[in-house]
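Following: one structure in structure tokens, then a few remarks.
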Protein chains: 2
Amino acid sequence: MKFCNQCGSPVTWQTPRDDNRPRFVCSSCLTIHYQNPLIVAGCVPVWGESVLLCRRAIEPRLGFWTLPAGFMENGETMEQAAARETLEEAGAHVQQLNLYLLFDLPHIHQVHVFFRGQLPDAQYAVGAESLEVKLFNQEDIPWGELAFPTTRHTLEYFFMDRVRQAYPVRNESIAALSSNRLQQD
Amino acid sequence: MKFCNQCGSPVTWQTPRDDNRPRFVCSSCLTIHYQNPLIVAGCVPVWGESVLLCRRAIEPRLGFWTLPAGFMENGETMEQAAARETLEEAGAHVQQLNLYLLFDLPHIHQVHVFFRGQLPDAQYAVGAESLEVKLFNQEDIPWGELAFPTTRHTLEYFFMDRVRQAYPVRNESIAALSSNRLQQD
């Protein structure tokens with residue numbers, strides 16, 4: 001950030017009065033420009049014994065497999081965001097969504113929220129951001145070709161929890177293991 | 001938003017190519033300026049039979065009672081944000097935090113995340129954004145003077161769940177019931 005989005009003047013990096021950390025502050029109109037973590041909402045779309053994965057048609061991690069997920073938009077709920085991403089990336093209308101996993105990624109200023117969801121049928125399609133969309137049984141998951149650490153963690157938890165048919169909501173912090181960040185660009 | 005924070009040129013409100021909704025786009029360098037929901041992280045600080053509330057010293061809802069909560073910052077986890085807010089607003093070092101409630105507030109582009117936490121002692125203090133900080137038993141909660149709908153919902157769930165000593169993680173959408181939004185400025 002170099003300029004104030006309210007008045008167009010240059011910003012400086014300084015700690016505002018009554019604050020405890022530096023922010024971008026406008027040199028002219030004094031607007032403080034806060035920067036805060038983004039929410040990525042995703043889904044584990046389940047059809048019988050299978051889950052639906054997408055092979056990414058865009059960077060980062062083009063060609064790698066992911067669960068449908070993307071940046072939550074203004075005006076929607078986390079659940080709506082997860083369902084929208086599943087429709088956009090995998091052409092599937094997911095139902096009965098249940099909150100499942102919340103990953104903190106403080107090193108990239110993101111929170112990834114995954115829901116479990118049921119597919120009402122085996123209907124799906126390749127979305128604009130996908131090269132391929134496919135149902136996988138557990139034994140066929142392409143573990144070596146998954147796009148993001150939270151994709152892998154989510155699938156690992158899902159298959160572990162499925163054995164007991166109990167899916168507790170978990171919140172975990174992901175350390176800076178990987179530079180494969182989901183970027184908003 | 002009126003100006004590009006990268007180059008200072010005016011922005012226009014238009015749907016970028018390959019996108020499905022309007023964004024602010026720079027007329028000169030073509031940077032797309034995404035706007036996304038913010039996370040507010042808060043805590044139910046528990047000491048024996050009591051919970052710790054703060055009376056707000058700032059707008060919105062100056063003078064009303066709230067649970068410690070505020071905007072999550074870059075570089076921290078949701079749990080760290082909830083603990084930090086409890087320290088800043090109530091001078092209390094909360095421990096053993098457990099994820100508890102997630103409220104979607106799509107009408108104001110926020111997600112409110114509350115943790116339950118234990119106070120190791122009855123030590124607390126009035127933070128800079130508080131007029132007063134006080135432990136309340138259930139029968140003394142100032143229900144008519146609570147600051148935000150999510151404050152009230154969280155306390156209602158907490159006392160209800162405490163009867164059974166079971167605190168399931170819930171995700172609910174809060175409709176536009178109130179204009180008492182927690183604003184970042």
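Naming works like this for the structure tokens: A, B, ... for the chains as they're shown, residue 1 at the start of each chain, ligands 1 onward in shown order.
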
For chain B, which residues have at least one atom within 9 Å of chain A, if we go by only C-alpha atoms? Write them as a compact mmCIF listing (two decimals) with N, CA, C and O atoms, in the first residue's frame, please.
# COMPACT_ATOMS: atom_id res chain seq x y z
N MET B 1 -14.07 3.64 -1.10
CA MET B 1 -12.79 3.62 -1.81
C MET B 1 -12.89 4.47 -3.09
O MET B 1 -13.79 4.26 -3.90
N LYS B 2 -11.96 5.42 -3.21
CA LYS B 2 -12.00 6.32 -4.37
C LYS B 2 -10.73 6.24 -5.21
O LYS B 2 -10.74 6.53 -6.40
N PHE B 3 -9.62 5.84 -4.55
CA PHE B 3 -8.33 5.84 -5.23
C PHE B 3 -7.60 4.50 -5.04
O PHE B 3 -7.78 3.81 -4.05
N CYS B 4 -6.75 4.20 -6.01
CA CYS B 4 -5.94 2.97 -5.97
C CYS B 4 -4.84 3.14 -4.92
O CYS B 4 -4.09 4.13 -4.96
N ASN B 5 -4.71 2.17 -4.00
CA ASN B 5 -3.68 2.30 -2.97
C ASN B 5 -2.30 1.89 -3.49
O ASN B 5 -1.31 2.01 -2.76
N GLN B 6 -2.22 1.44 -4.74
CA GLN B 6 -0.92 1.11 -5.33
C GLN B 6 -0.33 2.26 -6.14
O GLN B 6 0.88 2.48 -6.14
N CYS B 7 -1.20 2.98 -6.87
CA CYS B 7 -0.67 4.03 -7.75
C CYS B 7 -1.32 5.39 -7.55
O CYS B 7 -0.87 6.38 -8.13
N GLY B 8 -2.41 5.46 -6.74
CA GLY B 8 -3.03 6.75 -6.44
C GLY B 8 -4.03 7.24 -7.48
O GLY B 8 -4.63 8.31 -7.31
N SER B 9 -4.25 6.48 -8.56
CA SER B 9 -5.22 6.89 -9.59
C SER B 9 -6.65 6.57 -9.13
O SER B 9 -6.85 5.73 -8.24
N PRO B 10 -7.66 7.19 -9.73
CA PRO B 10 -9.04 6.89 -9.36
C PRO B 10 -9.41 5.43 -9.66
O PRO B 10 -8.90 4.84 -10.63
N VAL B 11 -10.29 4.86 -8.84
CA VAL B 11 -10.80 3.51 -9.11
C VAL B 11 -12.20 3.62 -9.70
O VAL B 11 -12.90 4.61 -9.49
N ASP B 18 -13.38 -12.40 -16.18
CA ASP B 18 -13.28 -13.68 -15.48
C ASP B 18 -13.77 -13.60 -14.04
O ASP B 18 -13.45 -14.48 -13.23
N ILE B 32 -7.01 -4.88 -9.00
CA ILE B 32 -8.35 -5.15 -8.47
C ILE B 32 -8.28 -5.09 -6.95
O ILE B 32 -7.43 -5.76 -6.33
N TYR B 34 -9.97 -6.13 -3.77
CA TYR B 34 -10.98 -7.00 -3.18
C TYR B 34 -11.35 -6.48 -1.79
O TYR B 34 -10.51 -5.94 -1.06
N GLN B 35 -12.62 -6.68 -1.43
CA GLN B 35 -13.08 -6.36 -0.08
C GLN B 35 -13.76 -7.59 0.49
O GLN B 35 -14.64 -8.17 -0.15
N ASN B 36 -13.32 -8.00 1.67
CA ASN B 36 -13.75 -9.28 2.22
C ASN B 36 -14.15 -9.16 3.68
O ASN B 36 -13.76 -8.20 4.34
N PRO B 37 -14.88 -10.14 4.20
CA PRO B 37 -15.34 -10.07 5.59
C PRO B 37 -14.19 -10.03 6.59
O PRO B 37 -13.11 -10.58 6.36
N LEU B 38 -14.46 -9.39 7.72
CA LEU B 38 -13.50 -9.30 8.81
C LEU B 38 -13.89 -10.26 9.94
O LEU B 38 -15.07 -10.52 10.17
N ILE B 39 -12.88 -10.74 10.64
CA ILE B 39 -13.10 -11.62 11.78
C ILE B 39 -12.99 -10.82 13.08
O ILE B 39 -12.00 -10.12 13.31
N PHE B 71 -11.26 -6.91 16.54
CA PHE B 71 -10.83 -7.36 15.23
C PHE B 71 -9.53 -8.17 15.31
O PHE B 71 -8.55 -7.73 15.91
N MET B 72 -9.55 -9.34 14.71
CA MET B 72 -8.36 -10.17 14.59
C MET B 72 -7.31 -9.44 13.75
O MET B 72 -7.63 -8.82 12.74
N GLU B 73 -6.05 -9.52 14.20
CA GLU B 73 -4.96 -8.84 13.50
C GLU B 73 -4.17 -9.83 12.62
O GLU B 73 -4.13 -11.03 12.92
N ASN B 74 -3.52 -9.31 11.61
CA ASN B 74 -2.60 -10.13 10.82
C ASN B 74 -1.52 -10.72 11.73
O ASN B 74 -1.05 -10.06 12.66
N GLY B 75 -1.12 -11.94 11.47
CA GLY B 75 -0.02 -12.56 12.20
C GLY B 75 -0.42 -13.30 13.45
O GLY B 75 0.43 -13.88 14.12
N GLU B 76 -1.70 -13.32 13.77
CA GLU B 76 -2.13 -14.06 14.97
C GLU B 76 -3.18 -15.09 14.60
O GLU B 76 -3.78 -15.05 13.52
N THR B 77 -3.38 -16.06 15.52
CA THR B 77 -4.46 -17.03 15.35
C THR B 77 -5.74 -16.46 15.98
O THR B 77 -5.69 -15.49 16.74
N MET B 78 -6.86 -17.09 15.67
CA MET B 78 -8.13 -16.65 16.27
C MET B 78 -8.06 -16.74 17.79
O MET B 78 -8.52 -15.84 18.50
N GLU B 79 -7.47 -17.82 18.28
CA GLU B 79 -7.35 -18.00 19.73
C GLU B 79 -6.46 -16.93 20.35
O GLU B 79 -6.77 -16.37 21.41
N ASN B 98 -11.14 -22.65 24.35
CA ASN B 98 -11.78 -23.62 23.47
C ASN B 98 -12.72 -22.91 22.52
O ASN B 98 -13.56 -22.11 22.95
N LEU B 99 -12.59 -23.25 21.24
CA LEU B 99 -13.50 -22.68 20.23
C LEU B 99 -14.94 -23.00 20.63
O LEU B 99 -15.25 -24.12 21.05
N PHE B 103 -20.49 -16.83 14.60
CA PHE B 103 -21.66 -16.14 14.07
C PHE B 103 -21.30 -15.47 12.74
O PHE B 103 -20.32 -14.72 12.66
N ASP B 104 -22.10 -15.75 11.72
CA ASP B 104 -21.98 -15.01 10.47
C ASP B 104 -22.86 -13.77 10.56
O ASP B 104 -24.04 -13.86 10.94
N LEU B 105 -22.30 -12.63 10.21
CA LEU B 105 -23.07 -11.37 10.15
C LEU B 105 -22.91 -10.80 8.75
O LEU B 105 -22.22 -9.80 8.53
N PRO B 106 -23.56 -11.46 7.76
CA PRO B 106 -23.31 -11.08 6.35
C PRO B 106 -23.72 -9.64 6.04
O PRO B 106 -23.16 -9.02 5.14
N HIS B 107 -24.66 -9.09 6.80
CA HIS B 107 -25.14 -7.71 6.53
C HIS B 107 -24.08 -6.66 6.87
O HIS B 107 -24.15 -5.55 6.38
N ILE B 108 -23.12 -7.02 7.72
CA ILE B 108 -22.05 -6.07 8.04
C ILE B 108 -20.67 -6.65 7.69
O ILE B 108 -19.64 -6.12 8.12
N HIS B 109 -20.65 -7.76 6.95
CA HIS B 109 -19.40 -8.32 6.43
C HIS B 109 -18.45 -8.69 7.57
O HIS B 109 -17.25 -8.36 7.54
N GLN B 110 -18.99 -9.39 8.55
CA GLN B 110 -18.17 -9.83 9.68
C GLN B 110 -18.50 -11.27 10.05
O GLN B 110 -19.60 -11.77 9.81
N VAL B 111 -17.52 -11.93 10.66
CA VAL B 111 -17.70 -13.22 11.33
C VAL B 111 -17.22 -13.02 12.77
O VAL B 111 -16.10 -12.55 12.98
N ALA B 128 -8.07 0.21 28.32
CA ALA B 128 -8.24 1.55 27.75
C ALA B 128 -9.59 1.73 27.06
O ALA B 128 -10.12 2.84 27.00
N PRO B 168 -21.16 -27.64 22.58
CA PRO B 168 -20.90 -27.92 21.16
C PRO B 168 -20.52 -26.64 20.42
O PRO B 168 -21.00 -25.56 20.74
N VAL B 169 -19.65 -26.79 19.41
CA VAL B 169 -19.28 -25.65 18.57
C VAL B 169 -20.44 -25.39 17.60
O VAL B 169 -20.88 -26.31 16.90
N ARG B 170 -20.93 -24.16 17.60
CA ARG B 170 -22.07 -23.82 16.74
C ARG B 170 -21.69 -22.75 15.73
O ARG B 170 -20.87 -21.89 16.02
N ASN B 171 -22.30 -22.82 14.56
CA ASN B 171 -22.14 -21.79 13.54
C ASN B 171 -23.53 -21.32 13.13
O ASN B 171 -24.32 -22.10 12.63
N GLU B 172 -23.82 -20.03 13.37
CA GLU B 172 -25.15 -19.51 13.06
C GLU B 172 -25.03 -18.18 12.33
O GLU B 172 -24.09 -17.43 12.54
N SER B 173 -26.03 -17.91 11.52
CA SER B 173 -26.08 -16.62 10.83
C SER B 173 -27.00 -15.70 11.60
O SER B 173 -28.12 -16.06 11.96
N GLN B 184 -14.74 -0.91 12.70
CA GLN B 184 -13.29 -0.81 12.82
C GLN B 184 -12.84 0.61 12.49
O GLN B 184 -12.23 0.86 11.48
N ASP B 185 -13.16 1.55 13.33
CA ASP B 185 -12.60 2.88 13.13
C ASP B 185 -13.07 3.81 14.24
O ASP B 185 -13.76 3.40 15.14

Query raised in the report: Could you name the residues that touch Leu67 in chain B at 7 Å or less, counting only C-alpha atoms, but leaving out those on the same chain fewer than 2 positions away, as a PyMOL selection string?
Result: chain B and resi 42-44+53-54+69+151

**Report entry** Exercise: Glu145 in chain B partners within 9 Å, only C-alpha atoms, chain neighbours under 2 positions left out, as a list of chain:residue names
**Finding:**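 With the cut-off at 9 Å, the set is B:Gly63, B:Phe64, B:Trp65, B:Thr66, B:Ile141, B:Pro142, B:Trp143, B:Ala147.
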
Requested in this report: List every residue of chain A that DSSP, applied to the backbone of this structure, places in helix (DSSP H, G or I), and write the result as number ranges by chain.
Outcome: A: 78-90, 106-108, 138-140, 143-145, 149-164

Grab the residues selected above and save them as a short mmCIF file (atom, residue, chain, number, x, y, z; two decimals), in the first residue's frame with N, CA, C and O atoms.
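Writing the result to result34.cif gives the following:
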data_model
loop_
_atom_site.label_atom_id
_atom_site.label_comp_id
_atom_site.auth_asym_id
_atom_site.auth_seq_id
_atom_site.Cartn_x
_atom_site.Cartn_y
_atom_site.Cartn_z
N MET A 78 -20.24 -18.06 5.94
CA MET A 78 -19.16 -19.01 5.64
C MET A 78 -19.72 -20.23 4.91
O MET A 78 -19.11 -20.74 3.97
N GLU A 79 -20.89 -20.70 5.36
CA GLU A 79 -21.50 -21.86 4.72
C GLU A 79 -21.88 -21.56 3.28
O GLU A 79 -21.66 -22.39 2.37
N GLN A 80 -22.45 -20.39 3.04
CA GLN A 80 -22.79 -20.00 1.67
C GLN A 80 -21.54 -19.90 0.80
O GLN A 80 -21.56 -20.27 -0.38
N ALA A 81 -20.46 -19.39 1.38
CA ALA A 81 -19.20 -19.28 0.62
C ALA A 81 -18.69 -20.67 0.23
O ALA A 81 -18.25 -20.88 -0.91
N ALA A 82 -18.76 -21.61 1.16
CA ALA A 82 -18.29 -22.98 0.87
C ALA A 82 -19.14 -23.62 -0.23
O ALA A 82 -18.61 -24.29 -1.13
N ALA A 83 -20.45 -23.42 -0.16
CA ALA A 83 -21.34 -23.99 -1.17
C ALA A 83 -21.11 -23.32 -2.53
O ALA A 83 -21.11 -23.98 -3.57
N ARG A 84 -20.93 -22.00 -2.53
CA ARG A 84 -20.68 -21.28 -3.78
C ARG A 84 -19.40 -21.76 -4.45
O ARG A 84 -19.36 -22.00 -5.66
N GLU A 85 -18.34 -21.91 -3.66
CA GLU A 85 -17.07 -22.36 -4.23
C GLU A 85 -17.20 -23.77 -4.81
O GLU A 85 -16.60 -24.08 -5.84
N THR A 86 -17.99 -24.61 -4.15
CA THR A 86 -18.19 -25.97 -4.65
C THR A 86 -18.93 -25.95 -5.98
O THR A 86 -18.61 -26.71 -6.91
N LEU A 87 -19.89 -25.04 -6.09
CA LEU A 87 -20.61 -24.90 -7.35
C LEU A 87 -19.72 -24.32 -8.44
O LEU A 87 -19.68 -24.82 -9.57
N GLU A 88 -18.95 -23.29 -8.10
CA GLU A 88 -18.13 -22.61 -9.11
C GLU A 88 -16.98 -23.50 -9.61
O GLU A 88 -16.67 -23.52 -10.80
N GLU A 89 -16.34 -24.21 -8.69
CA GLU A 89 -15.13 -24.95 -9.07
C GLU A 89 -15.42 -26.38 -9.49
O GLU A 89 -14.65 -26.97 -10.24
N ALA A 90 -16.51 -26.94 -8.95
CA ALA A 90 -16.79 -28.36 -9.21
C ALA A 90 -18.16 -28.60 -9.82
O ALA A 90 -18.54 -29.77 -10.04
N PRO A 106 -1.44 -17.99 10.39
CA PRO A 106 -1.03 -16.62 10.73
C PRO A 106 0.10 -16.09 9.85
O PRO A 106 0.20 -14.88 9.65
N HIS A 107 0.92 -16.98 9.30
CA HIS A 107 2.04 -16.54 8.47
C HIS A 107 1.59 -15.95 7.14
O HIS A 107 2.34 -15.21 6.51
N ILE A 108 0.36 -16.28 6.70
CA ILE A 108 -0.13 -15.68 5.46
C ILE A 108 -1.44 -14.92 5.69
O ILE A 108 -2.15 -14.59 4.74
N GLN A 138 -11.00 -43.27 -0.79
CA GLN A 138 -9.85 -43.00 0.07
C GLN A 138 -8.55 -43.56 -0.51
O GLN A 138 -7.52 -42.89 -0.50
N GLU A 139 -8.61 -44.76 -1.04
CA GLU A 139 -7.39 -45.42 -1.50
C GLU A 139 -6.84 -44.80 -2.80
O GLU A 139 -5.69 -45.07 -3.18
N ASP A 140 -7.64 -43.96 -3.43
CA ASP A 140 -7.20 -43.36 -4.69
C ASP A 140 -6.80 -41.88 -4.57
O ASP A 140 -6.44 -41.25 -5.58
N TRP A 143 -2.32 -38.27 -2.85
CA TRP A 143 -1.70 -37.60 -1.70
C TRP A 143 -0.47 -36.79 -2.09
O TRP A 143 -0.19 -35.75 -1.51
N GLY A 144 0.28 -37.27 -3.08
CA GLY A 144 1.49 -36.57 -3.47
C GLY A 144 1.24 -35.38 -4.39
O GLY A 144 2.16 -34.63 -4.70
N GLU A 145 -0.01 -35.20 -4.79
CA GLU A 145 -0.33 -34.12 -5.73
C GLU A 145 -1.41 -33.20 -5.19
O GLU A 145 -2.18 -32.61 -5.96
N PRO A 149 -1.39 -27.47 2.17
CA PRO A 149 -1.37 -28.22 3.44
C PRO A 149 -2.76 -28.41 4.04
O PRO A 149 -3.06 -29.48 4.58
N THR A 150 -3.63 -27.39 3.95
CA THR A 150 -4.95 -27.57 4.56
C THR A 150 -5.82 -28.54 3.76
O THR A 150 -6.75 -29.13 4.31
N THR A 151 -5.55 -28.71 2.47
CA THR A 151 -6.24 -29.76 1.70
C THR A 151 -5.90 -31.12 2.30
O THR A 151 -6.79 -31.95 2.57
N ARG A 152 -4.61 -31.36 2.50
CA ARG A 152 -4.15 -32.65 3.03
C ARG A 152 -4.67 -32.89 4.45
O ARG A 152 -5.22 -33.96 4.75
N HIS A 153 -4.52 -31.88 5.33
CA HIS A 153 -4.98 -32.05 6.71
C HIS A 153 -6.48 -32.36 6.76
O HIS A 153 -6.93 -33.19 7.54
N THR A 154 -7.25 -31.66 5.93
CA THR A 154 -8.70 -31.86 5.94
C THR A 154 -9.05 -33.27 5.50
O THR A 154 -9.89 -33.95 6.13
N LEU A 155 -8.43 -33.75 4.45
CA LEU A 155 -8.71 -35.12 3.99
C LEU A 155 -8.26 -36.15 5.02
O LEU A 155 -8.95 -37.15 5.26
N GLU A 156 -7.10 -35.93 5.64
CA GLU A 156 -6.63 -36.86 6.68
C GLU A 156 -7.62 -36.94 7.85
O GLU A 156 -7.97 -38.03 8.31
N TYR A 157 -8.08 -35.76 8.32
CA TYR A 157 -9.07 -35.75 9.41
C TYR A 157 -10.36 -36.43 8.97
O TYR A 157 -10.96 -37.20 9.73
N PHE A 158 -10.78 -36.16 7.75
CA PHE A 158 -12.06 -36.70 7.29
C PHE A 158 -12.05 -38.23 7.29
O PHE A 158 -12.97 -38.86 7.81
N PHE A 159 -11.01 -38.81 6.73
CA PHE A 159 -10.98 -40.28 6.65
C PHE A 159 -10.77 -40.90 8.03
O PHE A 159 -11.29 -41.99 8.32
N MET A 160 -10.04 -40.22 8.90
CA MET A 160 -9.86 -40.69 10.28
C MET A 160 -11.19 -40.64 11.03
O MET A 160 -11.60 -41.61 11.69
N ASP A 161 -11.89 -39.50 10.92
CA ASP A 161 -13.15 -39.33 11.65
C ASP A 161 -14.25 -40.24 11.11
O ASP A 161 -15.14 -40.65 11.84
N ARG A 162 -14.15 -40.54 9.81
CA ARG A 162 -15.20 -41.36 9.19
C ARG A 162 -15.24 -42.76 9.78
O ARG A 162 -16.31 -43.39 9.84
N VAL A 163 -14.09 -43.24 10.20
CA VAL A 163 -14.04 -44.58 10.80
C VAL A 163 -14.96 -44.64 12.02
O VAL A 163 -15.69 -45.62 12.21
N ARG A 164 -14.95 -43.58 12.83
CA ARG A 164 -15.78 -43.54 14.04
C ARG A 164 -17.13 -42.88 13.80
O ARG A 164 -17.95 -42.78 14.70
#

**Report entry** Straight-line distance linking CA of Gly91 in chain B with CA of Leu30 in chain A, stated in Å to one decimal
**Finding:**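 Interatomic distance here is 29.4 Å.
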
Report task. Find the distance between CA of Asp19 in chain B and CA of Tyr124 in chain A and write it in Å to one decimal. Result ->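 Separation between CA of Asp19 in chain B and CA of Tyr124 in chain A: 20.6 Å.
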
Query raised in the report: Mind pulling up the distance from CA of Val126 in chain A to CA of Ala92 in chain A?
Result: 9.4 Å
